Each structure stands twice: as C-alpha cells, then as structure tokens.
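Peer 1: Below: one structure in structure tokens.
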Amino acid sequence: MSAPASAPAPASPRRIPKVPFWAQIVAGLVLGVILGWITRSYDVQWLHTTLDKVGHIFVQLLKLAVAPLVFFAILVSITNLRKVNNAARLASRTLLWFMITSLIAVVIGLVLGLLTDPGAGTGLTPKDGQKPENSGSWLDFLTGIIPTDVITPFTELNVLQIVFMAAVAGIAALQLGEKAQPILTFAESVLELLQKALWWVIRLAPIGTVGLIGYAIAEYGWHLIGKYATFTADVYIGCALVMFGVYPLLLATVAKVNPLQFFKGAWPAIQLAFVSRSSVGTMPVTVKVTERLGVPKEYTSFAVPFGATTKMDGCAAIYPALAAIFIAQIFDVQLGVKEYLLIALVSVIGSAATAGLTGATVMLTLTLSTLGLPLEGVGLLMAIDPVLDMMRTATNVAGQALVPVIVAAREKILDLDAYNSASASPVDGYETREASPVAA
C-alpha cells in the first residue's frame with residue numbers, strides 16, 4: 001500500500017512591501033500639492049485649517065528638541081575631537097572649506113542677480129515693504145553671542161548663544177580631562193535620548209510634508225510665485241548650481257570621489273531638509289548619512305553639528321546676495337563694487353547668524369543694515385519666504401555633509417569602501433544601527 005502523499009506546505013503570508021522613506025516624502029509632496037490646490041480653488045476652510053495645524057505641529061515638534069540637541073551635540077562633538085588625530089588641523093580645515101564654499105555660493109548669487117534683474121517688472125514699490133520686528137546688525141550679532149543668563153537662550157531659542165555656552169563647556173571639559181568624564185557620559189546619554197525622540201518626529205515627515213506644502217499653496221497660491229517669478233527662479237537656480245554643479249565639481253577634483261555616490265548617500269538628509277526647512281532639525285539624519293559616506297564618527301560628530309549652526313550656503317550666501325539686489329532695485333538704490341564686496345564679506349563671516357532655524361530673516365537684515373538698504377525691504381520677501389526656504393535649507397544641508405567628506409578625503413581618513421557602498425536610507429535603517437549617530 002503506497003504511502004499517503006504528504007500535505008503541501010502552507011503558503012507563507014504575503015508581506016506588504018515596505019515603502020522607502022524617500023517615496024513616502026514624495027507621496028506627501030504630491031498629496032500636499034493636490035490638497036492645497038483643492039483648498040484654494042474651492043475655499044475649503046476646514047481643510048485649510050487642518051493643513052496649517054498639521055504643518056505647524058510637525059515644525060513645533062522639530063523645534064522642541066532644537067535647544068537641548070544643539071547644546072549637547074556641540075558639547076559632545078568638541079570633546080570627541082580629543083579622540084581624533086590632528087584635531088586642530090581638522091577643525092581649521094573644516095572652517096576654511098565652509099568659508100570657501102560660502103564665497104563661491106555668494107558669487108553665484110551675485111552673478112545671477114546682476115544678469116536677471118530680479119526686482120524689475122514686479123510691480124512692487126517701497127510702500128509694499130514692512131520693517132521686520134526683529135533685525136540684525138553687526139553690533140547685535142557680536143554682543144548677542146554672549147547670553148545674560150543660562151536659561152533665557154533655551155527659553156527664547158537663541159541658538160547662537162546656546163552654541164557659545166556649549167563650546168565653552170566643551171573646551172572646559174577638555175581641560176579638566178578625566179574629572180569631566182561623568183558629565184560627558186551624562187551628556188552622551190542625554191544626546192542619545194534626544195536623538196531617539198527626534199527620530200520618531202522625523203518618521204512623521206511625510207505627514208508634515210502634506211501639511212506644510214498644502215498650506216503654502218492654499219495660503220499663497222501660484223499667483224504669488226508669479227509676481228516673484230524671476231527672484232524665485234534665481235534662488236532655485238542658484239541653489240541648484242551650487243548643489244548640483246559646484247559640489248560635484250569639488251567632490252571630483254578636490255576629494256577625488258564619485259559625486260553621484262555622494263548624492264546617493266546624502267539624499268535622505270537633503271530631502272528631509274527640503275521639507276522641514278530646518279538644518280538643526282535635520283541634523284541627526286545629516287550625521288548618519290555623513291557617517292555612512294565614510295567620514296569617521298569622531299570627526300562627523302564635530303563637523304556636522306558645527307555646520308548645522310554655521311554652514312548656510314543657501315540661507316546665508318545665495319539668498320541674501322539675490323535679496324539685496326532685488327530690494328535695491330525696488331527702492332531704486334544703486335549698488336557698486338564696494339557693496340558687492342560687502343555682501344560677500346557678510347555672507348562668509350556672518351552666516352552663523354542664521355543659526356540653523358527656519359528662515360533667513362536675521363541674516364538678510366544683517367546684510368541690508370551693512371549695505372545701508374532699507375530694512376522695510378524684508379517685508380517684500382516675507383510672503384514668498386516659505387517657498388524659497390525649502391530649497392535654501394536643502395542646499396545648506398548638502399553643504400554640511402559635503403565639507404566633512406572633502407576634508408576627510410584630503411586628510412586620508414575617508415573610508416572609501418563605505419563611501420562607494422553608501423545607499424540605504426538612514427531613516428529606514430535607524431533601528432538596526434549599532435551606535436549613536438553623534439556620540440562615539
């Protein structure tokens with residue numbers, strides 16, 4: 001008697017394929033555009049309010065972690081430099097390349113502005129301008145670095161003062177040596193906790209994207225972009241030239257690595273920056289992608305937090321150069337060679353004034369006050385600022401990942417195998433990581 005046929009193995013349940021994080025962001029962008037268009041076209045007030053609240057909550061969640069994140073990231077990053085050979089050399093080279101790339105970016109902004117006359121034909125007049133509530137000057141910038149107390153910078157989110165206090169604490173910890181180790185262990189633990197919580201917020205980015213993009217279109221519509229068409233195009237083209245022209249050229253000639261591989265590895269951070277409009281909010285992702293591009297953790301943990309608060313090729317170089325030309329044309333003020341050199345000087349030296357937060361108003365007022373242009377010109381650009389800020393911040397973050405790669409390659413500490421194999425999204429792979437993105 002033949003043996004009974006064995007029963008067929010039960011079919012394994014079909015797993016729902018995981019949608020990559022970048023695809024979730026793109027879907028959020030598309031859905032946001034559609035909902036924004038519906039809201040504006042059919043005057044759907046409840047949807048307008050919902051989009052506003054969703055976007056506002058996402059940005060507020062990012063900002064919630066900014067103050068402690070900046071403090072502990074800068075503190076830990078400075079102390080981590082003791083683990084790196086030639087730490088002073090790395091720090092000085094990082095600052096040098098920050099300044100070089102900022103200078104290139106501001107020159108591109110000036111050339112575009114002079115070629116296109118962004119203020120011409122807009123129909124705007126000086127009466128359309130409005131003086132901003134907060135402005136910046138060199139005196140305010142220099143005196144504002146030092147806080148009056150240790151609490152106010154955190155409650156008022158003065159990032160520049162927080163960076164100052166963190167730098168002082170980090171240098172003091174280095175001087176104390178082993179005596180400061182309990183504090184450093186505590187700081188690393190707090191930083192780990194903050195980053196864990198912030199990664200949860202970053203996971204919400206696709207939903208935040210729907211609200212931010214949808215509200216921008218519902219509130220401002222396409223006609224606003226039309227009025228500022230030349231200026232908007234200049235900002236986007238200028239940022240694109242820097243990000244996809246200058247940066248790849250530097251990677252290929254200075255770092256001698258494949259530029260396409262850089263964007264393949266850094267794209268998750270650039271993408272999140274475009275949506276969130278916050279360099280500091282994007283910082284954990286920027287740290288992770290920079291590490292995955294082969295930059296040593298100890299150096300990354302210094303260079304990226306430092307860059308997130310000072311390295312602003314979009315907000316502090318391209319944008320103020322174009323905005324100064326735009327405002328000068330509206331107010332019928334002639335700019336000469338001296339003024340263009342001043343714009344370059346302000347952009348290279350004063351970029352820390354932007355401090356990694358959404359918007360570049362302080363940097364713009366600093367530029368205008370240096371040139372003697374009316375601060376009312378800032379009001380001309382406030383309405384269009386959210387649309388511009390997305391591309392500016394994406395450029396900022398790309399530069400914040402680029403410089404550590406260049407410096408590491410020049411100093412022969414870049415892991416080329418890691419660089420050439422970097423591809424996975426740090427958001428998708430976060431839970432399986434082995435170590436903190438910042439703390440060594």
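By convention in this document, the chains of the structure tokens carry letters A, B, ... by their order, each chain's residues are numbered from 1, and ligands are numbered from 1 in the order they are shown.
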Mind checking which residues fall within 8 Å of region 164-175 of chain A, counting only C-alpha atoms, ignoring those fewer than 5 positions away in the same chain, and posting them as number ranges by chain?

Peer 2: A: 71-72, 74-76, 78-79, 82, 145-146, 180, 184

Peer 1: Give me a file of those residues, with N, CA, C and O atoms, as a CSV table (one decimal), in the first residue's frame.

Peer 2:
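As written to disk, again_22.csv reads:
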chain,number,residue,atom,x,y,z
A,71,PHE,N,22.9,72.1,22.2
A,71,PHE,CA,23.8,72.2,23.3
A,71,PHE,C,24.6,70.9,23.5
A,71,PHE,O,25.9,70.9,23.5
A,72,PHE,N,23.9,69.8,23.6
A,72,PHE,CA,24.6,68.5,23.9
A,72,PHE,C,25.4,68.0,22.6
A,72,PHE,O,26.5,67.4,22.8
A,74,ILE,N,26.9,69.9,20.3
A,74,ILE,CA,28.2,70.7,20.2
A,74,ILE,C,29.1,70.3,21.4
A,74,ILE,O,30.3,70.2,21.2
A,75,LEU,N,28.6,70.2,22.6
A,75,LEU,CA,29.4,69.8,23.7
A,75,LEU,C,30.1,68.4,23.5
A,75,LEU,O,31.3,68.3,23.6
A,76,VAL,N,29.3,67.4,23.1
A,76,VAL,CA,29.9,66.1,22.8
A,76,VAL,C,30.9,66.2,21.6
A,76,VAL,O,31.9,65.5,21.6
A,78,ILE,N,32.8,68.6,20.5
A,78,ILE,CA,34.1,69.2,20.8
A,78,ILE,C,34.9,68.2,21.6
A,78,ILE,O,36.1,68.0,21.4
A,79,THR,N,34.3,67.6,22.6
A,79,THR,CA,35.1,66.6,23.4
A,79,THR,C,35.5,65.4,22.6
A,79,THR,O,36.5,64.8,22.9
A,82,ARG,N,39.1,65.0,20.9
A,82,ARG,CA,40.3,64.5,21.6
A,82,ARG,C,40.6,63.1,21.1
A,82,ARG,O,41.7,62.6,21.3
A,145,ILE,N,26.1,87.1,21.1
A,145,ILE,CA,26.7,85.8,21.2
A,145,ILE,C,26.7,85.4,22.7
A,145,ILE,O,26.4,84.2,23.0
A,146,ILE,N,27.0,86.4,23.6
A,146,ILE,CA,27.2,86.1,25.0
A,146,ILE,C,25.9,86.3,25.7
A,146,ILE,O,25.3,87.4,25.7
A,180,ALA,N,36.1,65.4,34.1
A,180,ALA,CA,34.8,65.8,33.5
A,180,ALA,C,34.1,64.5,32.9
A,180,ALA,O,33.0,64.7,32.3
A,184,LEU,N,30.5,64.1,30.8
A,184,LEU,CA,30.5,63.7,29.4
A,184,LEU,C,29.6,62.5,29.1
A,184,LEU,O,28.9,62.3,28.1

Peer 1: Return the single residue from A:Thr393, A:Thr253, A:Gln334, A:Thr49 that is closest to Gly372 (chain A), with distances computed using only C-alpha atoms.

Peer 2: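 Nearest to Gly372 (chain A): A:Gln334.
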
Peer 1: Among region 60-248 of chain A, which ones does DSSP assign to helix (DSSP H, G or I) (computed from the backbone)? Answer as a PyMOL selection string.

Peer 2: chain A and resi 60-64+66-83+87-116+126-128+138-143+152-155+159-203+205-227+229-248

Peer 1: Name the closest residue to Phe331 (chain A) among the candidates A:Ala120, A:Ala91, A:Leu366, A:Ala197; distances are taken between atoms, counting only C-alpha atoms.

Peer 2: A:Ala120

Peer 1: Tell me which protein, DNA and RNA residues are within 10 Å of Ala65 (chain A), counting only C-alpha atoms, leaving out same-chain ones fewer than 2 positions away, and put them as a list in words.

Peer 2: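 Near neighbours after the sequence-gap exclusion: Gln60, Leu61, Leu62, Lys63, Ala67, Pro68, Leu69, Val70, Leu194, Gln195, Ala197, Leu198, Val201, Val280 and Gly281 of chain A.
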
Peer 1: Tell me, in Å to one decimal, how far CA of Leu204 (chain A) is from CA of Gly314 (chain A).

Peer 2: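 These two atoms are separated by 24.9 Å.
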
Peer 1: Can you tell me which residues surround Arg89 (chain A) at a distance of at most 12 Å, considering only C-alpha atoms, apart from same-chain residues fewer than 6 positions away, and format the answer as a ChimeraX atom specification?

Peer 2: /A:81,95-96,299,407-408,410-411

Peer 1: Using only C-alpha atoms, which protein or nucleic acid residues come within 7 Å of Tyr215 (chain A)? Drop anything in the same chain fewer than 4 positions from it, and give the result as a PDB file with N, CA, C and O atoms, in the first residue's frame.

Peer 2:
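Written output follows (part-v5.pdb):
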ATOM      1  N   GLY A  36      -3.688  71.301  -1.303  1.00  0.00           N
ATOM      2  CA  GLY A  36      -3.561  72.755  -1.310  1.00  0.00           C
ATOM      3  C   GLY A  36      -4.327  73.384  -2.457  1.00  0.00           C
ATOM      4  O   GLY A  36      -4.979  74.422  -2.287  1.00  0.00           O
ATOM      5  N   HIS A  48      -8.122  73.958   4.990  1.00  0.00           N
ATOM      6  CA  HIS A  48      -7.082  74.983   5.142  1.00  0.00           C
ATOM      7  C   HIS A  48      -6.550  74.980   6.573  1.00  0.00           C
ATOM      8  O   HIS A  48      -5.332  74.996   6.806  1.00  0.00           O
ATOM      9  N   LEU A  51      -4.538  71.644   7.310  1.00  0.00           N
ATOM     10  CA  LEU A  51      -3.199  71.661   6.731  1.00  0.00           C
ATOM     11  C   LEU A  51      -2.268  72.555   7.539  1.00  0.00           C
ATOM     12  O   LEU A  51      -1.107  72.207   7.799  1.00  0.00           O
ATOM     13  N   ASP A  52      -2.796  73.704   7.956  1.00  0.00           N
ATOM     14  CA  ASP A  52      -1.999  74.635   8.762  1.00  0.00           C
ATOM     15  C   ASP A  52      -1.570  73.979  10.073  1.00  0.00           C
ATOM     16  O   ASP A  52      -0.403  74.053  10.472  1.00  0.00           O
ATOM     17  N   GLY A 211       1.013  68.760   5.224  1.00  0.00           N
ATOM     18  CA  GLY A 211       0.535  69.988   5.828  1.00  0.00           C
ATOM     19  C   GLY A 211       1.307  71.209   5.377  1.00  0.00           C
ATOM     20  O   GLY A 211       0.719  72.246   5.029  1.00  0.00           O
ATOM     21  N   GLU A 219      -2.471  78.962   1.030  1.00  0.00           N
ATOM     22  CA  GLU A 219      -2.356  80.317   1.565  1.00  0.00           C
ATOM     23  C   GLU A 219      -1.874  81.319   0.520  1.00  0.00           C
ATOM     24  O   GLU A 219      -2.408  82.425   0.427  1.00  0.00           O
TER      25      GLU A 219
END

Peer 1: Between CA of Lys53 (chain A) and CA of Ala394 (chain A), what is the distance in Å, rounded to a tenth?

Peer 2: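 Between these atoms lies a distance of 23.2 Å.
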
Peer 1: What's the 12 Å shell around Met99 (chain A), counting only C-alpha atoms, without same-chain residues fewer than 3 positions away, as a list in words?

Peer 2: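 Neighbouring residues, sequence-local ones excluded: Ser92, Arg93, Thr94, Leu95, Leu96, Ser102, Leu103, Ile104, Ala105, Val106, Gly307, Thr310, Lys311, Met312, Asp313, Ala316, Ala317, Ala344, Leu345, Val346, Ser347, Val348, Ile349, Gly350, Ser351, Ala352, Gly399, Gln400 and Val403 of chain A.
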
Peer 1: What's around Ala216 (chain A) at 10 Å? Count only C-alpha atoms, leave out sequence neighbours fewer than 4 positions away in its own chain, and write the answer as a short mmCIF file (atom, residue, chain, number, x, y, z; two decimals) with all heavy atoms, in the first residue's frame.

Peer 2:
data_model
loop_
_atom_site.label_atom_id
_atom_site.label_comp_id
_atom_site.auth_asym_id
_atom_site.auth_seq_id
_atom_site.Cartn_x
_atom_site.Cartn_y
_atom_site.Cartn_z
N GLY A 32 0.16 66.91 -0.77
CA GLY A 32 0.08 68.28 -0.28
C GLY A 32 -0.29 69.25 -1.37
O GLY A 32 -1.11 70.16 -1.17
N VAL A 33 0.32 69.10 -2.55
CA VAL A 33 0.01 69.97 -3.68
C VAL A 33 -1.46 69.84 -4.08
O VAL A 33 -2.16 70.84 -4.30
CB VAL A 33 0.93 69.64 -4.88
CG1 VAL A 33 0.44 70.36 -6.14
CG2 VAL A 33 2.36 70.04 -4.58
N GLY A 36 -3.69 71.30 -1.30
CA GLY A 36 -3.56 72.76 -1.31
C GLY A 36 -4.33 73.38 -2.46
O GLY A 36 -4.98 74.42 -2.29
N TRP A 37 -4.23 72.76 -3.61
CA TRP A 37 -4.97 73.27 -4.77
C TRP A 37 -6.47 73.19 -4.56
O TRP A 37 -7.22 74.14 -4.86
CB TRP A 37 -4.57 72.48 -6.01
CG TRP A 37 -5.36 72.85 -7.23
CD1 TRP A 37 -5.17 73.93 -8.04
CD2 TRP A 37 -6.49 72.15 -7.76
NE1 TRP A 37 -6.10 73.95 -9.04
CE2 TRP A 37 -6.93 72.87 -8.90
CE3 TRP A 37 -7.16 70.99 -7.39
CZ2 TRP A 37 -8.01 72.46 -9.67
CZ3 TRP A 37 -8.24 70.58 -8.15
CH2 TRP A 37 -8.66 71.30 -9.27
N HIS A 48 -8.12 73.96 4.99
CA HIS A 48 -7.08 74.98 5.14
C HIS A 48 -6.55 74.98 6.57
O HIS A 48 -5.33 75.00 6.81
CB HIS A 48 -7.67 76.35 4.79
CG HIS A 48 -6.67 77.47 4.81
ND1 HIS A 48 -6.26 78.09 5.97
CD2 HIS A 48 -6.00 78.08 3.80
CE1 HIS A 48 -5.39 79.03 5.69
NE2 HIS A 48 -5.20 79.05 4.38
N LEU A 51 -4.54 71.64 7.31
CA LEU A 51 -3.20 71.66 6.73
C LEU A 51 -2.27 72.55 7.54
O LEU A 51 -1.11 72.21 7.80
CB LEU A 51 -3.25 72.14 5.27
CG LEU A 51 -3.94 71.20 4.27
CD1 LEU A 51 -4.12 71.90 2.93
CD2 LEU A 51 -3.14 69.92 4.10
N ASP A 52 -2.80 73.70 7.96
CA ASP A 52 -2.00 74.64 8.76
C ASP A 52 -1.57 73.98 10.07
O ASP A 52 -0.40 74.05 10.47
CB ASP A 52 -2.82 75.90 9.03
CG ASP A 52 -2.05 76.93 9.85
OD1 ASP A 52 -0.80 76.90 9.82
OD2 ASP A 52 -2.69 77.77 10.50
N GLY A 55 1.06 70.99 9.57
CA GLY A 55 2.40 71.50 9.30
C GLY A 55 3.00 72.19 10.51
O GLY A 55 4.19 72.02 10.81
N GLY A 211 1.01 68.76 5.22
CA GLY A 211 0.53 69.99 5.83
C GLY A 211 1.31 71.21 5.38
O GLY A 211 0.72 72.25 5.03
N LEU A 212 2.64 71.13 5.35
CA LEU A 212 3.47 72.28 5.02
C LEU A 212 3.29 72.71 3.56
O LEU A 212 3.09 73.90 3.27
CB LEU A 212 4.94 71.97 5.30
CG LEU A 212 5.32 71.82 6.78
CD1 LEU A 212 6.71 71.24 6.91
CD2 LEU A 212 5.24 73.15 7.50
N TYR A 220 -0.87 80.94 -0.28
CA TYR A 220 -0.24 81.89 -1.17
C TYR A 220 -0.64 81.70 -2.63
O TYR A 220 -0.62 82.67 -3.40
CB TYR A 220 1.29 81.78 -1.04
CG TYR A 220 1.76 81.94 0.38
CD1 TYR A 220 2.45 80.91 1.03
CD2 TYR A 220 1.49 83.09 1.11
CE1 TYR A 220 2.89 81.04 2.34
CE2 TYR A 220 1.91 83.23 2.41
CZ TYR A 220 2.61 82.20 3.03
OH TYR A 220 3.02 82.33 4.32
N GLY A 221 -0.95 80.47 -3.01
CA GLY A 221 -1.34 80.23 -4.39
C GLY A 221 -0.18 80.39 -5.36
O GLY A 221 0.94 80.71 -4.98
N TRP A 222 -0.46 80.18 -6.62
CA TRP A 222 0.58 80.26 -7.64
C TRP A 222 0.81 81.70 -8.09
O TRP A 222 1.87 82.02 -8.62
CB TRP A 222 0.20 79.41 -8.85
CG TRP A 222 -0.03 77.96 -8.50
CD1 TRP A 222 -1.22 77.30 -8.51
CD2 TRP A 222 0.94 77.01 -8.06
NE1 TRP A 222 -1.05 76.00 -8.11
CE2 TRP A 222 0.27 75.79 -7.83
CE3 TRP A 222 2.32 77.06 -7.84
CZ2 TRP A 222 0.92 74.65 -7.39
CZ3 TRP A 222 2.96 75.93 -7.41
CH2 TRP A 222 2.27 74.74 -7.19
N ALA A 383 6.32 86.97 2.39
CA ALA A 383 5.25 86.08 1.92
C ALA A 383 5.80 84.90 1.12
O ALA A 383 5.30 83.78 1.24
CB ALA A 383 4.25 86.87 1.07
N ILE A 384 6.83 85.17 0.32
CA ILE A 384 7.37 84.12 -0.53
C ILE A 384 8.42 83.27 0.19
O ILE A 384 8.87 82.24 -0.31
CB ILE A 384 8.00 84.77 -1.80
CG1 ILE A 384 8.22 83.74 -2.92
CG2 ILE A 384 9.31 85.45 -1.46
CD1 ILE A 384 6.96 83.23 -3.52
N PRO A 386 8.55 80.99 2.71
CA PRO A 386 8.45 79.53 2.89
C PRO A 386 8.77 78.74 1.63
O PRO A 386 9.38 77.67 1.71
CB PRO A 386 6.99 79.34 3.31
CG PRO A 386 6.59 80.64 3.91
CD PRO A 386 7.31 81.68 3.10
N VAL A 387 8.38 79.28 0.47
CA VAL A 387 8.66 78.58 -0.79
C VAL A 387 10.16 78.58 -1.07
O VAL A 387 10.72 77.58 -1.52
CB VAL A 387 7.88 79.25 -1.94
CG1 VAL A 387 8.23 78.59 -3.27
CG2 VAL A 387 6.38 79.18 -1.69
#

Peer 1: Tell me, in Å to one decimal, how far CA of His56 (chain A) is from CA of Val275 (chain A).

Peer 2: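 Those two atoms sit 12.4 Å apart.
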
Peer 1: Determine the nearest neighbour of Lys83 (chain A) from the options A:Phe302, A:Tyr319, A:Phe154, A:Trp97, counting only C-alpha atoms.

Peer 2: A:Phe302

Peer 1: Go through region 147-223 of chain A residue by residue and, counting only C-alpha atoms, keep those with an atom at most 7 Å from region 21-27 of chain A; for each kept residue give the shortest atom pair and its distance in Å to one decimal, ordered by chain and increasing number, as CSV.

Peer 2:
residue,atom,partner,partner_atom,distance
A:Ala205,CA,A:Ile25,CA,6.9
A:Pro206,CA,A:Ile25,CA,4.7
A:Thr209,CA,A:Ile25,CA,6.9

Peer 1: Using only C-alpha atoms, can you tell me which of A:Leu414, A:Val285, A:Val246, A:Ala323 comes closest to Trp199 (chain A)?

Peer 2: A:Val285
